[in-house]
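Okay, work.csv is below, CSV, C-alpha atoms:
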```csv
chain,number,residue,atom,x,y,z
A,1,MET,CA,2.1,19.8,-21.0
A,2,HIS,CA,4.8,22.2,-22.1
A,3,THR,CA,5.0,23.7,-25.5
A,4,PRO,CA,7.7,22.0,-27.6
A,5,THR,CA,10.9,23.9,-27.7
A,6,GLU,CA,12.5,25.3,-30.8
A,7,PRO,CA,15.1,23.1,-32.6
A,8,LEU,CA,18.5,22.9,-31.0
A,9,VAL,CA,21.5,25.0,-32.0
A,10,PRO,CA,23.4,23.8,-34.0
A,11,PRO,CA,21.6,23.1,-36.3
A,12,ARG,CA,20.2,26.6,-36.6
A,13,PRO,CA,16.4,27.2,-36.9
A,14,PRO,CA,15.4,26.6,-40.6
A,15,GLY,CA,16.0,29.7,-42.7
A,16,VAL,CA,17.4,31.8,-39.9
A,17,ALA,CA,21.1,32.3,-39.2
A,18,HIS,CA,21.3,34.1,-35.9
A,19,ASP,CA,24.8,35.5,-35.2
A,20,LEU,CA,25.0,34.8,-31.4
A,21,ARG,CA,28.3,36.8,-31.2
A,22,HIS,CA,26.9,40.0,-32.7
A,23,HIS,CA,26.4,42.8,-30.2
A,24,GLY,CA,25.5,46.4,-30.3
A,25,ASP,CA,29.0,47.7,-30.2
A,26,ALA,CA,29.5,46.3,-33.7
A,27,GLU,CA,27.1,49.0,-34.9
A,28,VAL,CA,29.4,51.8,-33.8
A,29,ARG,CA,32.8,50.2,-34.0
A,30,ASP,CA,35.3,52.3,-36.0
A,31,ALA,CA,32.8,55.1,-36.4
A,32,GLY,CA,34.5,57.5,-34.0
A,33,ALA,CA,32.2,60.2,-32.7
A,34,ASP,CA,30.3,60.6,-36.0
A,35,LEU,CA,27.3,58.5,-34.9
A,36,VAL,CA,24.6,59.1,-32.4
A,37,ASP,CA,24.7,55.8,-30.5
A,38,LEU,CA,21.3,54.2,-30.0
A,39,ALA,CA,22.8,50.7,-30.5
A,40,VAL,CA,24.6,50.2,-27.2
A,41,ASN,CA,22.8,50.1,-23.9
A,42,VAL,CA,25.4,51.8,-21.7
A,43,ARG,CA,24.0,54.9,-20.0
A,44,ALA,CA,25.1,58.1,-21.8
A,45,GLY,CA,27.4,60.5,-19.9
A,46,THR,CA,29.0,57.8,-17.8
A,47,PRO,CA,31.1,57.0,-15.8
A,48,PRO,CA,30.5,60.1,-13.6
A,49,ALA,CA,33.4,62.2,-12.5
A,50,TRP,CA,33.4,60.8,-8.9
A,51,LEU,CA,33.6,57.2,-10.2
A,52,ARG,CA,36.5,58.1,-12.6
A,53,GLU,CA,38.3,59.6,-9.6
A,54,ARG,CA,37.8,56.4,-7.5
A,55,VAL,CA,39.1,54.3,-10.3
A,56,ALA,CA,42.1,56.6,-11.0
A,57,ALA,CA,42.9,56.5,-7.3
A,58,SER,CA,43.3,52.7,-7.4
A,59,LEU,CA,46.1,52.9,-10.0
A,60,GLY,CA,48.6,53.6,-7.3
A,61,SER,CA,48.2,50.0,-6.1
A,62,LEU,CA,48.7,48.3,-9.5
A,63,ALA,CA,52.0,46.7,-8.3
A,64,ALA,CA,50.0,44.6,-5.8
A,65,TYR,CA,47.8,41.6,-6.7
A,66,PRO,CA,44.1,42.4,-6.7
A,67,ASP,CA,42.3,41.8,-3.4
A,68,GLY,CA,38.6,41.5,-3.8
A,69,ARG,CA,37.5,41.1,-0.2
A,70,ALA,CA,36.4,44.7,0.3
A,71,ALA,CA,34.4,44.8,-2.9
A,72,ARG,CA,32.9,41.4,-2.2
A,73,ARG,CA,31.8,42.7,1.3
A,74,ALA,CA,30.3,45.8,-0.3
A,75,VAL,CA,28.3,43.8,-2.9
A,76,ALA,CA,27.0,41.5,-0.2
A,77,ALA,CA,26.0,44.3,2.1
A,78,ARG,CA,24.2,46.0,-0.8
A,79,HIS,CA,22.0,42.9,-1.3
A,80,GLY,CA,21.7,41.9,2.4
A,81,LEU,CA,23.5,38.6,1.7
A,82,PRO,CA,26.5,36.9,3.3
A,83,GLN,CA,29.7,37.6,1.4
A,84,GLU,CA,30.0,33.9,0.6
A,85,CYS,CA,27.0,34.4,-1.7
A,86,VAL,CA,28.9,36.8,-3.9
A,87,LEU,CA,31.2,36.0,-6.8
A,88,LEU,CA,32.9,39.0,-8.5
A,89,THR,CA,33.4,38.5,-12.3
A,90,ALA,CA,35.0,40.3,-15.2
A,91,GLY,CA,31.5,41.5,-16.3
A,92,ALA,CA,28.4,39.5,-16.3
A,93,ALA,CA,29.5,37.9,-19.5
A,94,GLU,CA,32.2,36.0,-17.7
A,95,ALA,CA,29.6,34.4,-15.5
A,96,PHE,CA,27.9,32.8,-18.4
A,97,VAL,CA,31.2,31.0,-19.3
A,98,LEU,CA,31.7,29.9,-15.7
A,99,LEU,CA,28.1,28.6,-15.5
A,100,ALA,CA,28.5,26.7,-18.8
A,101,ARG,CA,31.6,25.0,-17.3
A,102,PHE,CA,30.1,24.5,-13.9
A,103,LEU,CA,27.0,22.6,-15.2
A,104,PRO,CA,27.1,18.8,-15.4
A,105,PRO,CA,29.1,17.8,-18.5
A,106,PRO,CA,27.2,17.1,-21.7
A,107,GLY,CA,25.9,13.5,-21.9
A,108,SER,CA,25.6,13.1,-18.2
A,109,ASP,CA,22.4,11.8,-16.5
A,110,ALA,CA,21.5,15.4,-15.5
A,111,TRP,CA,20.4,16.0,-19.1
A,112,ARG,CA,18.3,12.8,-19.6
A,113,ASP,CA,15.2,15.0,-20.1
A,114,GLY,CA,17.0,17.4,-22.5
A,115,GLY,CA,19.7,20.0,-22.5
A,116,PRO,CA,19.9,23.4,-20.8
A,117,VAL,CA,17.0,25.7,-21.7
A,118,VAL,CA,17.5,29.3,-22.8
A,119,VAL,CA,14.4,31.5,-23.0
A,120,HIS,CA,14.5,33.7,-26.1
A,121,PRO,CA,14.6,36.3,-27.4
A,122,GLN,CA,17.3,37.4,-25.0
A,123,PHE,CA,21.0,38.3,-24.7
A,124,THR,CA,22.8,35.7,-26.8
A,125,GLU,CA,26.0,35.1,-24.8
A,126,PRO,CA,24.5,32.5,-22.5
A,127,GLU,CA,23.6,30.3,-25.4
A,128,ALA,CA,26.9,30.9,-27.1
A,129,ALA,CA,28.8,29.9,-23.9
A,130,LEU,CA,26.7,26.8,-23.5
A,131,LEU,CA,27.4,25.7,-27.0
A,132,ASP,CA,31.1,26.4,-26.7
A,133,ALA,CA,31.1,24.1,-23.6
A,134,GLY,CA,29.5,21.3,-25.7
A,135,HIS,CA,26.0,21.5,-24.4
A,136,ARG,CA,22.9,20.7,-26.5
A,137,VAL,CA,20.8,23.8,-26.0
A,138,GLU,CA,17.1,23.9,-26.1
A,139,ARG,CA,15.2,27.1,-26.9
A,140,VAL,CA,11.9,28.2,-25.5
A,141,VAL,CA,10.9,31.1,-27.8
A,142,LEU,CA,8.4,33.6,-26.4
A,143,GLU,CA,5.8,34.9,-28.8
A,144,GLU,CA,5.3,38.4,-30.2
A,145,ARG,CA,1.5,38.0,-30.1
A,146,GLU,CA,1.9,37.5,-26.3
A,147,GLY,CA,4.1,40.5,-25.9
A,148,PHE,CA,7.2,38.2,-25.4
A,149,ARG,CA,6.0,37.5,-21.8
A,150,LEU,CA,7.0,34.4,-20.0
A,151,ASP,CA,4.6,31.6,-19.1
A,152,PRO,CA,6.5,29.3,-16.8
A,153,ALA,CA,4.5,26.4,-18.1
A,154,ARG,CA,6.3,26.7,-21.4
A,155,VAL,CA,9.6,25.6,-19.8
A,156,PRO,CA,10.0,21.8,-19.8
A,157,ALA,CA,9.4,20.5,-16.3
A,158,GLY,CA,12.5,18.2,-16.4
A,159,ALA,CA,14.9,20.9,-17.6
A,160,ALA,CA,18.0,20.8,-15.3
A,161,ALA,CA,19.0,24.4,-16.2
A,162,VAL,CA,17.1,27.4,-17.3
A,163,VAL,CA,18.4,30.8,-18.4
A,164,VAL,CA,16.2,33.9,-18.6
A,165,GLY,CA,16.8,37.6,-18.7
A,166,ASN,CA,14.9,40.2,-16.5
A,167,PRO,CA,14.3,42.8,-17.8
A,168,THR,CA,15.0,41.0,-21.0
A,169,ASN,CA,17.3,42.2,-23.7
A,170,PRO,CA,16.1,43.1,-26.4
A,171,THR,CA,12.4,43.0,-25.7
A,172,SER,CA,12.4,45.3,-22.6
A,173,VAL,CA,10.0,43.0,-20.9
A,174,LEU,CA,10.1,42.9,-17.1
A,175,HIS,CA,8.9,39.5,-16.0
A,176,PRO,CA,7.1,39.2,-12.6
A,177,ALA,CA,9.3,37.8,-9.9
A,178,ARG,CA,6.6,35.3,-9.1
A,179,ALA,CA,6.8,33.9,-12.7
A,180,LEU,CA,10.6,33.5,-12.4
A,181,ALA,CA,10.4,32.0,-8.9
A,182,ALA,CA,7.9,29.5,-10.3
A,183,LEU,CA,10.8,28.1,-12.5
A,184,ALA,CA,12.9,27.3,-9.4
A,185,ARG,CA,12.7,23.6,-8.3
A,186,PRO,CA,14.9,20.9,-6.7
A,187,GLY,CA,17.5,19.6,-9.1
A,188,ARG,CA,17.4,22.7,-11.4
A,189,THR,CA,19.8,25.6,-11.9
A,190,LEU,CA,17.8,28.7,-12.6
A,191,VAL,CA,19.9,31.6,-14.0
A,192,VAL,CA,18.4,35.0,-14.1
A,193,ASP,CA,20.3,37.7,-16.0
A,194,GLU,CA,19.5,41.0,-14.2
A,195,ALA,CA,22.1,43.1,-16.1
A,196,PHE,CA,19.6,45.9,-16.6
A,197,ILE,CA,17.5,45.6,-13.4
A,198,ASP,CA,19.3,48.6,-11.8
A,199,ALA,CA,17.7,50.7,-14.6
A,200,VAL,CA,14.3,49.7,-13.2
A,201,PRO,CA,13.1,52.1,-10.4
A,202,GLY,CA,13.2,50.2,-7.1
A,203,GLU,CA,14.7,47.2,-8.9
A,204,ARG,CA,11.2,45.8,-9.0
A,205,GLU,CA,10.9,42.0,-9.7
A,206,SER,CA,14.5,41.2,-8.8
A,207,LEU,CA,15.3,37.8,-7.3
A,208,ALA,CA,18.7,38.9,-5.9
A,209,GLY,CA,17.5,38.7,-2.3
A,210,LEU,CA,16.0,35.2,-2.8
A,211,VAL,CA,19.0,33.3,-4.1
A,212,THR,CA,19.3,31.2,-0.9
A,213,GLU,CA,15.5,30.8,-0.3
A,214,LEU,CA,14.2,29.3,-3.6
A,215,PRO,CA,14.2,25.6,-4.2
A,216,GLY,CA,17.0,24.1,-6.2
A,217,ARG,CA,19.9,26.4,-7.2
A,218,THR,CA,19.3,30.0,-8.2
A,219,VAL,CA,22.0,32.2,-9.7
A,220,VAL,CA,21.4,35.9,-10.3
A,221,LEU,CA,23.8,37.8,-12.5
A,222,ARG,CA,24.4,41.6,-12.2
A,223,SER,CA,26.4,44.0,-14.3
A,224,LEU,CA,27.9,47.3,-13.3
A,225,THR,CA,28.8,48.2,-16.9
A,226,LYS,CA,25.4,49.6,-18.1
A,227,THR,CA,24.3,52.1,-15.5
A,228,TRP,CA,27.9,53.2,-14.6
A,229,GLY,CA,29.5,53.2,-18.1
A,230,LEU,CA,32.2,50.6,-17.2
A,231,ALA,CA,32.0,48.3,-20.2
A,232,GLY,CA,35.7,48.8,-20.8
A,233,LEU,CA,36.6,48.0,-17.2
A,234,ARG,CA,34.6,44.7,-17.1
A,235,ILE,CA,33.0,44.3,-13.7
A,236,GLY,CA,29.9,42.3,-12.6
A,237,TYR,CA,29.0,39.6,-10.1
A,238,ALA,CA,27.0,36.5,-9.5
A,239,LEU,CA,24.7,35.9,-6.5
A,240,SER,CA,23.9,32.4,-5.3
A,241,ASP,CA,24.2,30.0,-2.4
A,242,PRO,CA,27.7,29.6,-1.0
A,243,GLU,CA,28.3,26.1,-2.4
A,244,THR,CA,27.4,27.3,-5.9
A,245,VAL,CA,29.6,30.4,-5.6
A,246,ALA,CA,32.5,28.3,-4.5
A,247,ALA,CA,32.0,25.9,-7.4
A,248,LEU,CA,31.9,28.7,-9.9
A,249,ALA,CA,35.0,30.3,-8.4
A,250,ARG,CA,36.9,27.2,-9.1
A,251,HIS,CA,36.5,27.8,-12.8
A,252,GLN,CA,38.0,31.3,-12.6
A,253,PRO,CA,41.7,32.0,-13.2
A,254,LEU,CA,43.6,33.5,-10.4
A,255,TRP,CA,42.9,37.2,-9.8
A,256,PRO,CA,40.1,37.4,-12.3
A,257,VAL,CA,39.0,41.0,-11.5
A,258,SER,CA,41.5,43.9,-11.7
A,259,SER,CA,42.1,46.3,-8.9
A,260,PRO,CA,40.5,49.2,-10.7
A,261,ALA,CA,37.4,47.1,-11.4
A,262,LEU,CA,37.3,46.1,-7.7
A,263,ALA,CA,37.5,49.8,-6.7
A,264,ALA,CA,34.6,50.6,-9.0
A,265,ALA,CA,32.5,47.7,-7.6
A,266,GLU,CA,33.0,48.9,-4.0
A,267,ALA,CA,32.2,52.5,-5.0
A,268,CYS,CA,29.1,51.6,-6.9
A,269,CYS,CA,27.6,49.9,-3.8
A,270,GLU,CA,27.9,52.9,-1.5
A,271,PRO,CA,24.6,54.5,-0.4
A,272,ALA,CA,25.3,57.7,-2.4
A,273,ALA,CA,25.9,55.7,-5.6
A,274,LEU,CA,22.8,53.6,-5.1
A,275,ALA,CA,20.7,56.8,-4.7
A,276,GLU,CA,22.3,58.2,-7.9
A,277,ALA,CA,21.4,55.0,-9.7
A,278,GLU,CA,17.8,55.2,-8.5
A,279,ARG,CA,17.6,58.8,-9.8
A,280,ALA,CA,19.1,57.7,-13.1
A,281,ALA,CA,16.5,54.9,-13.4
A,282,GLU,CA,13.7,57.4,-12.8
A,283,ARG,CA,15.1,59.7,-15.5
A,284,THR,CA,15.4,56.7,-17.9
A,285,ALA,CA,11.7,55.9,-17.3
A,286,ALA,CA,10.7,59.5,-18.1
A,287,ASP,CA,13.0,59.5,-21.2
A,288,ARG,CA,11.6,56.2,-22.3
A,289,ALA,CA,8.0,57.5,-22.0
A,290,HIS,CA,9.0,60.4,-24.2
A,291,LEU,CA,10.6,58.1,-26.8
A,292,LEU,CA,7.5,55.9,-26.9
A,293,GLY,CA,5.3,58.9,-27.3
A,294,ARG,CA,7.3,60.2,-30.3
A,295,LEU,CA,7.6,56.8,-31.9
A,296,ALA,CA,3.8,56.5,-31.7
A,297,GLU,CA,3.7,59.2,-34.3
A,298,PHE,CA,4.9,56.7,-36.9
A,299,GLY,CA,2.3,54.0,-37.6
A,300,GLU,CA,4.9,52.0,-39.6
A,301,LEU,CA,6.9,51.4,-36.4
A,302,GLY,CA,5.3,48.6,-34.3
A,303,GLN,CA,6.3,48.3,-30.7
A,304,ALA,CA,7.0,44.8,-29.3
A,305,THR,CA,6.3,45.5,-25.7
A,306,ALA,CA,3.2,47.2,-24.3
A,307,ASP,CA,5.0,48.2,-21.1
A,308,PRO,CA,8.8,48.3,-21.7
A,309,ARG,CA,10.8,48.7,-18.6
A,310,ALA,CA,14.5,48.5,-19.7
A,311,PRO,CA,16.7,51.3,-21.0
A,312,PHE,CA,15.9,50.3,-24.6
A,313,VAL,CA,12.8,49.5,-26.7
A,314,LEU,CA,12.2,47.0,-29.5
A,315,VAL,CA,10.4,48.2,-32.6
A,316,ARG,CA,9.2,46.5,-35.8
A,317,HIS,CA,9.4,47.9,-39.4
A,318,ALA,CA,8.8,46.1,-42.6
A,319,ASP,CA,12.2,47.2,-44.0
A,320,ALA,CA,14.1,47.4,-40.7
A,321,ALA,CA,17.4,46.5,-42.4
A,322,GLY,CA,17.1,49.3,-45.0
A,323,LEU,CA,15.9,51.7,-42.3
A,324,ARG,CA,18.9,50.9,-40.2
A,325,GLU,CA,21.3,51.7,-43.0
A,326,ARG,CA,19.4,54.9,-43.9
A,327,LEU,CA,19.6,56.0,-40.3
A,328,ARG,CA,23.3,55.3,-40.2
A,329,ALA,CA,23.7,57.5,-43.3
A,330,GLU,CA,21.9,60.2,-41.2
A,331,GLY,CA,24.4,59.7,-38.4
A,332,ILE,CA,22.3,57.5,-36.1
A,333,ALA,CA,23.3,53.9,-35.1
A,334,VAL,CA,20.6,51.5,-34.0
A,335,ARG,CA,20.8,47.8,-33.1
A,336,ARG,CA,19.7,45.2,-35.6
A,337,GLY,CA,17.3,42.6,-34.1
A,338,ASP,CA,17.7,39.7,-36.4
A,339,THR,CA,20.6,38.2,-34.5
A,340,PHE,CA,18.4,37.4,-31.6
A,341,PRO,CA,16.7,33.9,-31.8
A,342,GLY,CA,13.0,34.4,-32.0
A,343,LEU,CA,13.3,37.7,-34.0
A,344,ASP,CA,13.9,38.3,-37.7
A,345,ALA,CA,14.9,41.1,-40.1
A,346,ARG,CA,11.8,43.2,-39.2
A,347,TRP,CA,13.2,44.2,-35.7
A,348,LEU,CA,15.4,47.0,-34.4
A,349,ARG,CA,16.4,47.9,-30.8
A,350,LEU,CA,16.7,51.5,-29.8
A,351,ALA,CA,18.5,52.7,-26.6
A,352,VAL,CA,16.7,55.2,-24.5
A,353,ARG,CA,18.5,58.5,-24.5
A,354,ASP,CA,17.6,62.1,-23.4
A,355,ARG,CA,14.8,63.9,-25.1
A,356,ALA,CA,17.0,66.0,-27.4
A,357,THR,CA,18.5,62.8,-28.8
A,358,THR,CA,15.1,61.2,-29.2
A,359,ASP,CA,13.8,64.3,-31.0
A,360,ARG,CA,16.8,64.1,-33.4
A,361,LEU,CA,15.9,60.5,-34.1
A,362,VAL,CA,12.3,61.5,-34.8
A,363,ARG,CA,13.4,64.2,-37.2
A,364,ALA,CA,15.6,61.7,-39.1
A,365,LEU,CA,12.7,59.2,-39.3
A,366,ALA,CA,10.4,61.9,-40.7
A,367,GLY,CA,13.0,63.0,-43.1
A,368,LEU,CA,13.4,59.4,-44.4
A,369,GLY,CA,9.7,59.2,-45.1
A,370,VAL,CA,8.7,56.9,-42.3
A,371,ARG,CA,5.0,57.4,-41.7
```

Whole structure given in structure tokens:
Amino acid sequence: MHTPTEPLVPPRPPGVAHDLRHHGDAEVRDAGADLVDLAVNVRAGTPPAWLRERVAASLGSLAAYPDGRAARRAVAARHGLPQECVLLTAGAAEAFVLLARFLPPPGSDAWRDGGPVVVHPQFTEPEAALLDAGHRVERVVLEEREGFRLDPARVPAGAAAVVVGNPTNPTSVLHPARALAALARPGRTLVVDEAFIDAVPGERESLAGLVTELPGRTVVLRSLTKTWGLAGLRIGYALSDPETVAALARHQPLWPVSSPALAAAEACCEPAALAEAERAAERTAADRAHLLGRLAEFGELGQATADPRAPFVLVRHADAAGLRERLRAEGIAVRRGDTFPGLDARWLRLAVRDRATTDRLVRALAGLGVR
């Protein structure tokens, strides 16, 4: 027996109006350089100079239509997959729209046991895209008392599509690969958003290499915007079996990824880049440990995840909304948590930054009387 899912959206859960289109960049938009940005999860100090140079070198070819073959081969080689298993996208967010259009239409027999399931709290764009496509979304909401960890038994057995993040934004939970693989079954499309997995040393618990081996249809989504600072360039990709990749591609416009973004994708898959990303993941782990240690000085700040693994952490405070505004007045932007289904106004998400930035945050918290 699975645990009943949360009410569908729309209507919204009673008393909660989650803004599925709110994202961390809204916290710093129009603020210029006046705010220390702990709201957006793009790695600080990026893109590196060598990557900017590679992107700049591609500008000489702008008169030609984009040719994604080299980038597609590079991504495939990076994951040990045939290139037919790779779909390049304008950021991972585009892939959510493609998937929403690719799934069987609302009202078809595929949904006789209920609509597509989104496991929350997580990045809200998958649900927004499904709703825009007319789907009747079901939510499985993970519990704070269980550390927001996934029990596969909570997902309805008959669900024809399931979307889950790993590591999950905003909870920073890294679900075991075996738990995610347990969700794969014939007749189901399992979508795993791995936008932050390259910030996990060794990319532990990834399903990227298993997309053609699990039962049913598995789609793994990756983003190059977080680790490499390419949010403005829009580059990501989907990994799946060749038939699914071809079907998703039919929902893309012609030339969906620009030549500079293709150049970045190819560059970020080279061995030197992968080694740099691994070093960055190890630094992030150390910086996160420092952040958690300093936050532990404040008993009023409850941590959601006992063992966070993403480049951000989720914290709880009785007056999180007020604290967020007071921090902003001190020049520090943090991400509100109440726009994520399954969370409320007590939650804030903090990006992991270097130790000096964390120490500035701690001084601000102490100065605001947080205890």

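Here atom CA of A:Ala238 is placed at a distance of 22.1 Å from atom CA of A:Leu20.
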
Report the distance between atom CA of A:Glu243 and atom CA of A:Ala179 in Å, rounded to one decimal place. 25.1 Å

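Among the candidate residues A:Gly147, A:Pro260, A:Gly293, A:Pro242, the one lying nearest to A:Gly60 is A:Pro260, with distances computed using only C-alpha atoms.
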
Computed gap from atom CA of A:Asp198 to atom CA of A:Ala281 is 7.1 Å

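Closest approach to A:Gly202 among A:Ala177, A:Ala329, A:Gly367, A:Ala275: A:Ala275, based on only C-alpha atoms.
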
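With only C-alpha atoms as the basis for measurement, A:Arg178 is the residue among A:Arg69, A:Arg288, A:Arg178, A:Arg139 that approaches A:Leu207 most closely.
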
Selection: 6 Å around A:Val334, all atoms listed in the file, excl. self and same-chain fewer than 4 positions, as a VMD selection string: chain A and resid 38 to 39 350

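The closest residue to A:Ala129, picked from A:Val220, A:Ala74, A:Asp287, A:Leu103 and counting only C-alpha atoms, is A:Leu103.
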
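Residue nearest A:Arg188, chosen from A:Gly229, A:Pro82, A:Pro253, A:Pro215 and counting only C-alpha atoms: A:Pro215.
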
List the residues sitting within 12 Å of (34.2, 54.1, -18.4) in the file's frame, using only C-alpha atoms, as a PyMOL selection string. chain A and resi 42-56+224-235+260-261+264

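Considering all atoms listed in the file, the residue among A:Arg101, A:Arg222, A:Arg145, A:Arg29 positioned nearest to A:His79 is A:Arg222.
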
Taking all listed atoms of stretch 271-282 of chain A, build the axis-aligned box, pad each of the six sides by 5 Å, then write its centre and edge lengths in Å to one decimal as lines of an AutoDock Vina configuration file.
```
center_x = 19.8
center_y = 56.2
center_z = -6.9
size_x = 22.2
size_y = 15.2
size_z = 23.0
```

Is it possible to get the residues within 12 Å of (14.9, 60.8, -15.9) (coordinates as in the file, counting all atoms listed in the file) written as a ChimeraX atom specification? /A:43,199-201,276-290,311,352-355

Identify, on the basis of all atoms listed in the file, every residue whose closest approach to A:Ala92 does not exceed 7 Å; exclude the query and any residue fewer than 6 positions from it along the same chain; express the result as an NGL selection string. :A and (221-223 or 236-237)

Write out as an NGL selection string the residues lying within 7 Å of A:Ala100, counting only C-alpha atoms and excluding same-chain residues fewer than 2 positions away. :A and (96-98 or 102-103 or 129-130 or 133)
